[in-house]
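Participant: What follows is structure-v2.txt, compact mmCIF, C-alpha atoms.
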```
# COMPACT_ATOMS: atom_id res chain seq x y z
CA MET A 119 152.16 -49.47 201.37
CA ARG A 120 149.31 -47.58 203.02
CA LEU A 121 147.62 -50.89 203.87
CA ARG A 122 150.83 -52.21 205.41
CA LEU A 123 151.11 -49.08 207.55
CA VAL A 124 147.56 -49.54 208.80
CA VAL A 125 148.25 -53.20 209.62
CA LEU A 126 151.48 -52.29 211.41
CA ALA A 127 149.73 -49.57 213.39
CA THR A 128 147.00 -52.01 214.36
CA LEU A 129 149.55 -54.61 215.44
CA SER A 130 151.43 -51.99 217.43
CA GLY A 131 148.23 -50.98 219.22
CA ALA A 132 147.40 -54.61 219.97
CA ILE A 133 150.86 -55.22 221.42
CA GLY A 134 150.47 -52.11 223.60
CA THR A 135 147.10 -53.37 224.83
CA VAL A 136 148.60 -56.77 225.72
CA ALA A 137 151.47 -55.10 227.55
CA ALA A 138 149.04 -52.95 229.53
CA ALA A 139 146.96 -56.01 230.39
CA GLN A 140 150.07 -57.79 231.68
CA ARG A 141 150.68 -54.90 234.08
CA ARG A 142 147.17 -55.16 235.53
CA PRO A 143 146.56 -57.34 238.63
CA PRO A 144 145.31 -60.85 237.86
CA ALA A 145 141.57 -61.50 237.78
CA HIS A 146 141.57 -63.11 241.23
CA PHE A 147 143.34 -60.13 242.87
CA GLU A 148 140.10 -58.73 244.29
CA LYS A 149 139.34 -62.09 245.91
CA LEU A 150 142.57 -62.14 247.90
CA ALA A 151 142.46 -61.35 251.61
CA HIS A 152 144.93 -58.45 251.67
CA THR A 153 145.81 -59.22 255.22
CA TYR A 154 148.14 -59.12 258.17
CA SER A 155 147.77 -61.49 261.09
CA ILE A 156 149.44 -63.01 264.10
CA VAL A 157 148.84 -66.44 265.64
CA ALA A 158 150.17 -67.08 269.13
CA TRP A 159 150.38 -69.35 272.17
CA ASP A 160 150.44 -68.21 275.80
CA SER A 161 152.90 -70.35 277.74
CA VAL A 162 151.35 -69.37 281.10
CA THR A 163 147.63 -69.93 280.47
CA GLY A 164 147.80 -72.26 277.46
CA ASP A 165 145.53 -69.89 275.53
CA LEU A 166 145.81 -69.93 271.73
CA GLY A 167 144.70 -67.13 269.48
CA VAL A 168 144.64 -65.22 266.22
CA ALA A 169 144.35 -61.50 265.51
CA VAL A 170 143.84 -60.29 261.94
CA GLN A 171 143.01 -57.13 259.94
CA SER A 172 142.30 -56.98 256.23
CA LYS A 173 141.14 -54.92 253.27
CA PHE A 174 138.51 -57.60 252.73
CA PRO A 175 135.00 -57.96 254.20
CA ASN A 176 134.47 -60.39 257.09
CA VAL A 177 138.07 -61.56 257.36
CA GLY A 178 137.05 -63.27 260.61
CA GLY A 179 134.95 -65.76 258.64
CA ILE A 180 137.97 -66.89 256.58
CA VAL A 181 141.39 -66.41 258.16
CA PRO A 182 141.34 -67.38 261.88
CA TRP A 183 141.05 -70.94 263.18
CA ALA A 184 141.79 -72.28 266.66
CA ARG A 185 141.09 -75.22 268.92
CA ALA A 186 141.78 -75.22 272.66
CA GLY A 187 144.69 -77.44 273.66
CA VAL A 188 145.57 -77.99 269.99
CA GLY A 189 146.61 -74.95 268.00
CA ALA A 190 145.79 -71.79 266.07
CA VAL A 191 145.96 -71.06 262.33
CA ALA A 192 145.75 -68.06 260.01
CA THR A 193 145.19 -68.86 256.33
CA GLN A 194 145.23 -65.84 254.03
CA SER A 195 146.12 -64.33 250.64
CA LEU A 196 144.16 -66.82 248.49
CA ALA A 197 143.00 -68.55 251.68
CA ASN A 198 142.78 -72.33 251.82
CA THR A 199 140.61 -73.38 254.77
CA ALA A 200 142.18 -76.86 254.74
CA TYR A 201 145.07 -75.36 256.70
CA GLY A 202 142.60 -74.54 259.42
CA GLU A 203 140.36 -77.59 259.35
CA ARG A 204 142.79 -80.36 258.42
CA GLY A 205 145.77 -78.63 259.99
CA LEU A 206 144.17 -78.60 263.43
CA LEU A 207 143.07 -82.23 263.06
CA LEU A 208 146.66 -83.22 262.27
CA ILE A 209 148.02 -81.28 265.23
CA ALA A 210 145.39 -82.90 267.48
CA GLY A 211 146.67 -86.24 266.17
CA GLY A 212 150.18 -85.50 267.41
CA LEU A 213 151.94 -83.52 264.65
CA THR A 214 153.76 -80.27 265.32
CA ALA A 215 152.56 -77.08 263.67
CA GLU A 216 155.32 -77.36 261.06
CA ALA A 217 154.62 -81.03 260.30
CA ALA A 218 150.88 -80.33 259.97
CA PHE A 219 151.54 -77.42 257.64
CA ARG A 220 153.84 -79.50 255.43
CA ALA A 221 151.29 -82.32 255.30
CA VAL A 222 148.57 -79.97 254.03
CA MET A 223 150.86 -78.10 251.65
CA ARG A 224 151.71 -81.32 249.81
CA THR A 225 148.10 -81.50 248.60
CA ASP A 226 147.79 -77.77 247.80
CA THR A 227 147.75 -77.16 244.04
CA MET A 228 147.91 -73.36 244.49
CA LEU A 229 150.58 -73.20 247.18
CA ALA A 230 152.35 -70.22 245.60
CA ASP A 231 149.24 -68.06 246.25
CA ARG A 232 148.94 -68.97 249.93
CA GLN A 233 150.09 -67.41 253.17
CA VAL A 234 149.79 -69.38 256.40
CA GLY A 235 150.71 -69.03 260.05
CA MET A 236 150.37 -71.89 262.54
CA VAL A 237 151.17 -72.45 266.21
CA ASP A 238 150.51 -75.52 268.33
CA ALA A 239 149.79 -75.96 272.04
CA ARG A 240 153.46 -76.78 272.69
CA GLY A 241 154.55 -73.44 271.29
CA ASN A 242 155.90 -74.63 267.94
CA ALA A 243 155.26 -72.02 265.25
CA VAL A 244 155.55 -71.86 261.46
CA SER A 245 154.89 -69.17 258.87
CA PHE A 246 154.82 -69.56 255.08
CA THR A 247 154.51 -67.03 252.26
CA GLY A 248 153.95 -68.20 248.68
CA ASP A 249 156.13 -66.73 245.93
CA ARG A 250 153.10 -65.45 243.96
CA THR A 251 151.77 -63.33 246.83
CA PHE A 252 151.84 -59.56 246.25
CA ASP A 253 154.43 -57.17 247.64
CA TRP A 254 155.14 -56.52 250.31
CA ALA A 255 154.67 -60.07 251.59
CA GLY A 256 156.47 -62.08 254.23
CA GLY A 257 156.46 -63.16 257.85
CA ARG A 258 158.25 -63.54 261.17
CA VAL A 259 158.31 -66.21 263.87
CA GLY A 260 159.50 -66.07 267.46
CA ARG A 261 163.11 -67.13 267.95
CA ALA A 262 165.01 -67.23 271.26
CA GLY A 263 167.75 -64.62 271.42
CA MET A 264 166.46 -62.82 268.31
CA ALA A 265 164.46 -59.69 269.18
CA GLY A 266 161.67 -59.19 266.70
CA GLY A 267 161.78 -62.80 265.55
CA LEU A 268 163.16 -64.62 262.52
CA PRO A 269 162.17 -62.98 259.20
CA GLY A 270 161.13 -64.74 256.01
CA GLY A 271 160.14 -63.48 252.58
CA LYS A 272 158.22 -64.86 249.61
CA GLY A 273 158.73 -68.56 248.96
CA ALA A 274 160.03 -69.15 252.50
CA THR A 275 158.87 -71.41 255.32
CA ILE A 276 160.19 -70.20 258.68
CA VAL A 277 159.97 -72.09 261.97
CA GLY A 278 160.14 -70.74 265.51
CA ARG A 279 158.45 -70.54 268.89
CA GLY A 280 155.47 -68.82 270.45
CA TYR A 281 154.02 -66.88 267.53
CA ALA A 282 153.90 -66.45 263.76
CA ALA A 283 153.19 -63.10 262.09
CA GLN A 284 152.49 -62.74 258.35
CA ALA A 285 151.28 -60.12 255.90
CA ASN A 286 150.72 -59.55 252.19
CA ILE A 287 150.11 -56.49 250.01
CA MET A 288 151.61 -54.28 252.71
CA VAL A 289 153.16 -50.84 252.37
CA SER A 290 156.44 -52.36 253.64
CA ASP A 291 157.85 -55.02 255.96
CA GLN A 292 157.38 -52.64 258.90
CA THR A 293 153.95 -54.12 259.60
CA VAL A 294 155.30 -57.60 260.42
CA ARG A 295 158.28 -56.07 262.21
CA ASN A 296 155.84 -54.21 264.43
CA LEU A 297 153.59 -57.24 264.90
CA ALA A 298 156.50 -59.35 266.13
CA ALA A 299 158.32 -56.77 268.24
CA THR A 300 155.17 -55.48 269.92
CA PHE A 301 153.85 -58.95 270.72
CA GLU A 302 157.19 -59.85 272.31
CA ARG A 303 157.21 -56.71 274.49
CA ALA A 304 153.50 -56.58 275.39
CA THR A 305 152.20 -57.69 278.78
CA GLY A 306 148.82 -58.87 280.03
CA SER A 307 146.54 -61.56 278.65
CA LEU A 308 147.00 -63.13 275.24
CA ALA A 309 144.09 -61.03 273.95
CA ASP A 310 145.78 -57.86 275.21
CA ARG A 311 149.06 -58.78 273.54
CA LEU A 312 147.38 -59.70 270.25
CA MET A 313 145.46 -56.42 270.18
CA ALA A 314 148.63 -54.44 270.91
CA ALA A 315 150.37 -56.23 268.04
CA LEU A 316 147.45 -55.62 265.67
CA LYS A 317 147.44 -51.89 266.37
CA ALA A 318 151.21 -51.70 265.98
CA GLY A 319 150.96 -53.53 262.65
CA GLN A 320 148.63 -50.86 261.31
CA ALA A 321 150.95 -48.14 262.63
CA GLY A 322 153.66 -49.73 260.48
CA GLY A 323 151.71 -48.88 257.32
CA GLY A 324 149.35 -51.80 256.99
CA ASP A 325 147.60 -52.73 253.76
CA LYS A 326 148.37 -50.60 250.71
CA ARG A 327 144.64 -50.27 250.00
CA GLY A 328 143.45 -49.45 253.53
CA MET A 329 141.33 -51.18 256.20
CA GLN A 330 137.96 -52.95 256.19
CA SER A 331 137.53 -55.82 258.66
CA ALA A 332 139.21 -57.40 261.67
CA ALA A 333 138.85 -60.32 264.06
CA LEU A 334 140.13 -61.66 267.36
CA LEU A 335 139.83 -65.34 268.28
CA VAL A 336 141.16 -66.77 271.56
CA VAL A 337 140.38 -70.29 272.75
CA ARG A 338 140.68 -71.69 276.26
CA LYS A 339 139.47 -74.99 277.67
CA ASP A 340 135.97 -74.37 279.11
CA GLY A 341 136.57 -70.64 278.69
CA GLY A 342 133.39 -69.90 276.73
CA TYR A 343 129.93 -68.88 277.89
CA LEU A 344 129.31 -70.32 281.39
CA GLY A 345 132.13 -72.82 280.76
CA ALA A 346 130.12 -74.67 278.13
CA ASN A 347 132.62 -74.36 275.25
CA ASP A 348 136.17 -73.23 274.44
CA ARG A 349 135.41 -69.96 272.57
CA PHE A 350 136.90 -67.63 275.17
CA ILE A 351 136.88 -64.66 272.75
CA ASP A 352 135.40 -64.74 269.25
CA ILE A 353 134.83 -61.24 267.85
CA ARG A 354 134.45 -60.25 264.19
CA VAL A 355 134.15 -56.81 262.64
CA TYR A 356 132.60 -57.42 259.22
CA ASP A 357 133.06 -53.96 257.70
CA ALA A 358 134.11 -50.68 259.33
CA PRO A 359 136.14 -47.54 258.54
CA ASP A 360 138.46 -48.34 261.47
CA PRO A 361 137.97 -52.04 262.19
CA ILE A 362 140.74 -52.21 264.81
CA ALA A 363 139.18 -49.45 266.92
CA GLU A 364 135.82 -51.22 266.62
CA LEU A 365 137.41 -54.55 267.55
CA GLU A 366 138.92 -52.93 270.64
CA ARG A 367 135.52 -51.50 271.64
CA LEU A 368 133.84 -54.87 271.19
CA LEU A 369 136.54 -56.60 273.24
CA GLU A 370 135.74 -54.35 276.20
CA LEU A 371 132.04 -55.12 275.75
CA HIS A 372 132.84 -58.83 275.58
CA ARG A 373 134.87 -58.64 278.80
CA LEU A 374 131.94 -57.02 280.59
CA HIS A 375 129.31 -59.54 279.46
CA PHE A 376 131.28 -62.78 279.08
CA PHE A 377 134.19 -62.72 281.53
CA PRO A 378 133.46 -63.97 285.07
CA SER A 379 134.06 -61.67 288.00
CA ASP A 380 137.58 -61.10 289.26
CA PRO A 381 137.54 -61.79 293.02
CA ALA A 382 139.36 -58.49 293.51
CA ASP A 383 136.33 -56.67 292.04
CA LEU A 384 133.77 -58.12 294.45
CA THR A 385 132.36 -55.78 297.08
CA PRO A 386 129.67 -56.25 299.76
CA ILE A 387 126.26 -54.78 298.94
CA THR A 388 126.10 -52.09 301.60
CA PRO A 389 123.04 -49.90 302.33
CA ALA A 390 124.80 -47.17 300.28
CA ILE A 391 124.93 -49.48 297.24
CA VAL A 392 121.31 -50.53 297.82
CA ALA A 393 120.39 -46.82 297.76
CA GLN A 394 122.03 -46.53 294.32
CA LEU A 395 120.37 -49.62 292.82
CA GLU A 396 116.98 -49.67 294.50
CA PRO A 397 115.45 -46.78 292.47
CA ILE A 398 116.41 -48.65 289.29
CA LEU A 399 114.80 -51.87 290.49
CA LEU A 400 111.64 -50.00 291.55
CA ARG A 401 111.10 -48.37 288.13
CA GLU A 402 112.36 -51.01 285.68
CA PRO A 403 111.57 -52.70 283.33
CA ALA A 404 110.25 -49.39 282.03
CA ASP A 405 107.76 -50.97 279.60
CA GLN A 406 106.45 -53.65 281.99
CA PRO A 407 103.69 -53.21 284.60
CA THR A 408 105.49 -55.44 287.11
CA LYS A 409 108.83 -54.06 288.30
CA TRP A 410 111.84 -55.95 289.63
CA LEU A 411 111.17 -54.71 293.15
CA SER A 412 107.68 -53.92 294.49
CA ALA A 413 108.72 -51.97 297.58
CA PRO A 414 111.87 -50.32 299.01
CA GLN A 415 114.06 -52.61 301.13
CA GLY A 416 116.83 -50.35 302.40
CA SER A 417 119.29 -53.22 302.67
CA ALA A 418 120.36 -56.37 300.82
CA THR A 419 117.34 -58.44 301.83
CA PRO A 420 116.51 -61.72 300.09
CA GLN A 421 113.86 -59.83 298.10
CA PHE A 422 116.39 -57.22 297.02
CA LEU A 423 118.96 -59.88 296.01
CA ALA A 424 116.35 -61.80 293.99
CA ALA A 425 115.30 -58.60 292.20
CA LEU A 426 118.93 -57.71 291.49
CA ARG A 427 119.53 -61.23 290.15
CA ASP A 428 116.61 -61.02 287.73
CA PHE A 429 117.59 -57.51 286.67
CA MET A 430 121.17 -58.62 285.93
CA TYR A 431 119.96 -61.54 283.82
CA TRP A 432 117.70 -59.13 281.93
CA GLU A 433 120.68 -56.84 281.32
CA ASN A 434 122.86 -59.75 280.08
CA TYR A 435 125.30 -59.89 283.01
CA ASP A 436 124.66 -63.64 283.27
CA VAL A 437 128.21 -64.71 284.15
CA ARG A 438 128.49 -62.11 286.96
CA VAL A 439 125.23 -62.85 288.80
CA ARG A 440 125.74 -63.60 292.53
CA MET A 441 123.48 -64.39 295.50
CA ASP A 442 126.02 -64.09 298.32
CA GLY A 443 125.49 -60.45 299.24
CA GLN A 444 128.26 -59.19 296.98
CA ILE A 445 128.27 -57.37 293.64
CA ASP A 446 130.88 -57.03 290.94
CA ARG A 447 132.20 -53.44 291.08
CA VAL A 448 132.72 -53.43 287.29
CA VAL A 449 129.06 -54.30 286.70
CA LEU A 450 127.87 -51.79 289.29
CA GLU A 451 129.82 -49.02 287.56
CA ALA A 452 128.46 -50.07 284.16
CA ILE A 453 124.85 -50.09 285.40
CA LEU A 454 125.13 -46.64 286.94
CA ARG A 455 127.06 -45.19 283.99
CA GLN A 456 124.46 -46.38 281.46
CA ARG A 457 121.67 -44.71 283.39
CA ARG A 458 123.52 -41.41 283.64
CA GLN A 459 123.82 -41.19 279.85
```
Here is a file; write its structure as C-alpha cells.

Facilitator:
Amino acid sequence: MRLRLVVLATLSGAIGTVAAAQRRPPAHFEKLAHTYSIVAWDSVTGDLGVAVQSKFPNVGGIVPWARAGVGAVATQSLANTAYGERGLLLIAGGLTAEAAFRAVMRTDTMLADRQVGMVDARGNAVSFTGDRTFDWAGGRVGRAGMAGGLPGGKGATIVGRGYAAQANIMVSDQTVRNLAATFERATGSLADRLMAALKAGQAGGGDKRGMQSAALLVVRKDGGYLGANDRFIDIRVYDAPDPIAELERLLELHRLHFFPSDPADLTPITPAIVAQLEPILLREPADQPTKWLSAPQGSATPQFLAALRDFMYWENYDVRVRMDGQIDRVVLEAILRQRRQ
C-alpha cells in the first residue's frame, strides 16, 4: 500500500509538471517578432512604405520590404521573408497585393504562425493574421466609408485600400485601432503619416513585453541618394530603450542630409551670411593645415563659393550643395547651431 501511494504521488507530480509545461509559451516564442506595423501607399506621390516597432532586435532587418512602383510588405510573428521577396516579384508581374499574398500562402507550411500586411502601387491592401499567433493579434485595412478601417482577428484575411495595419502579442486591439485611425487622419508626407501612426500605436498599449527596435522604409522612384536608387528613407533602430523616439530623431537627421533643398528654403548669400560663414571657413578643418578659405572675401566671390562647396561636402550636405549664389536656409541654421553647441 505504501508503495502504491508513492507511485501515485509520483504520477500526480508528473501530471502537474506536464500541465505546467503546457501553460508555458512554446519553444519558438522567443524567436517571434512581437510586432506592430503598418504598410501604406500614398495616392498623391506614389510612395510606398512600412513602419514597424517590435520587442525584438533589428526588426528592420526582417519585417519591412518595399519596391518603388510595386508594393510594400510587412512579414512578422514567425516571419517568412518569402512574402517580401516573392510577394513583390508577383506584384511586379501584375498580381494585386491580395493575389500575391494568396499565391505565397499556398506554399507556406506554417501559415498559422504568420502575420502579413501587403499593399500594392494601385492601393490594394491585404492583412492576414494566423490563428496560432499570440493574443492580442489582428489587423485592419483601409475601407471607404469606414473610419478606422475594416477589422480582422486571428485566422482572418481582410482586404481593403490604402493601408494594412497588423499586430501580435499586444496589450489589446487598441494598438491597431490607433494605427489605422491616426494614419487616416494624419497629414503631410507618407513618412510623416507612418510615424504618427507608429507613435499612436504605442500609445494604445503596444507590445505586452515592451519596446526594443523600430524601422521606417519608404521607397520612391529615383528618390534615393542623388537619385541613384529608390531607397527614399531606410532607417533602422537595432536596439534602444525608446526606439520610436530614436527613429524620429534619425528621420530628422536623414531629412537634413539626404533630402534635396526645398526651393522655398533657398536664400541669396548676402554679405551678412558671408560674415556668419567666413570665420568657419577660415579656421576649418580644425586638424588640417590648409583651411577651406585662405583669406577673407567679404562677399560671395567664386573663391568663397568654392570653399563653401568643399566645406559642405566635408560636412555631408552633398544633396544640398549649390554654386548659384544661394544657400539652403535649413543647412545654414544647422551649421551655425552645431558650432554654438

Participant: Scan for residues within 12 Å of the point (121.8, -58.5, 284.2) in the coordinates of the file, using only C-alpha atoms, and reply as a PyMOL selection string.

Facilitator: chain A and resi 374-376+399+403+410+424-440+445-446+449-450+452-453

Participant: Need the shell around Ser417 in chain A: protein/DNA/RNA residues with any atom at most 10 Å away, counting only C-alpha atoms. Skip same-chain ones fewer than 5 positions apart. Format as number ranges by chain?

Facilitator: A: 387-393, 396, 422-423

Participant: When you count all atoms listed in the file, which of these residues is closest to Gln171 in chain A: A:Ala404, A:Ala192, A:Val237, A:Leu213?

Facilitator: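 Going through A:Ala404, A:Ala192, A:Val237, A:Leu213 one by one, the smallest distance to Gln171 in chain A is for A:Ala192.
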
Participant: At a cut-off of 6 Å, can you tabulate as a Markdown table every residue of range 280-324 of chain A near range 257-267 of chain A together with its closest atom pair and the distance in Å to one decimal, using only C-alpha atoms and ordering rows by chain then number?

Facilitator:
```
| residue | atom | partner | partner_atom | distance |
| --- | --- | --- | --- | --- |
| A:Gly280 | CA | A:Gly260 | CA | 5.7 |
| A:Tyr281 | CA | A:Gly260 | CA | 5.5 |
| A:Ala282 | CA | A:Val259 | CA | 4.4 |
| A:Ala283 | CA | A:Arg258 | CA | 5.2 |
| A:Gln284 | CA | A:Gly257 | CA | 4.0 |
| A:Ala298 | CA | A:Gly266 | CA | 5.2 |
| A:Ala299 | CA | A:Gly266 | CA | 4.4 |
```

Participant: At what distance in Å, to one decimal, does CA of Gln292 in chain A lie from CA of Gly256 in chain A?

Facilitator: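 Atom-to-atom, CA of Gly256 in chain A to CA of Gln292 in chain A, that is 10.6 Å.
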
Participant: Could you list, as a ChimeraX atom specification, every residue within 9 Å of range 230-236 of chain A, counting only C-alpha atoms and ignoring same-chain residues fewer than 4 positions away?

Facilitator: /A:155-158,189-198,201-202,205,215-216,218-219,242-252,255-257,259,272-273,281-286

Participant: So what do you get for CA of Ile362 in chain A versus CA of Ala332 in chain A, distance-wise?

Facilitator: 6.3 Å
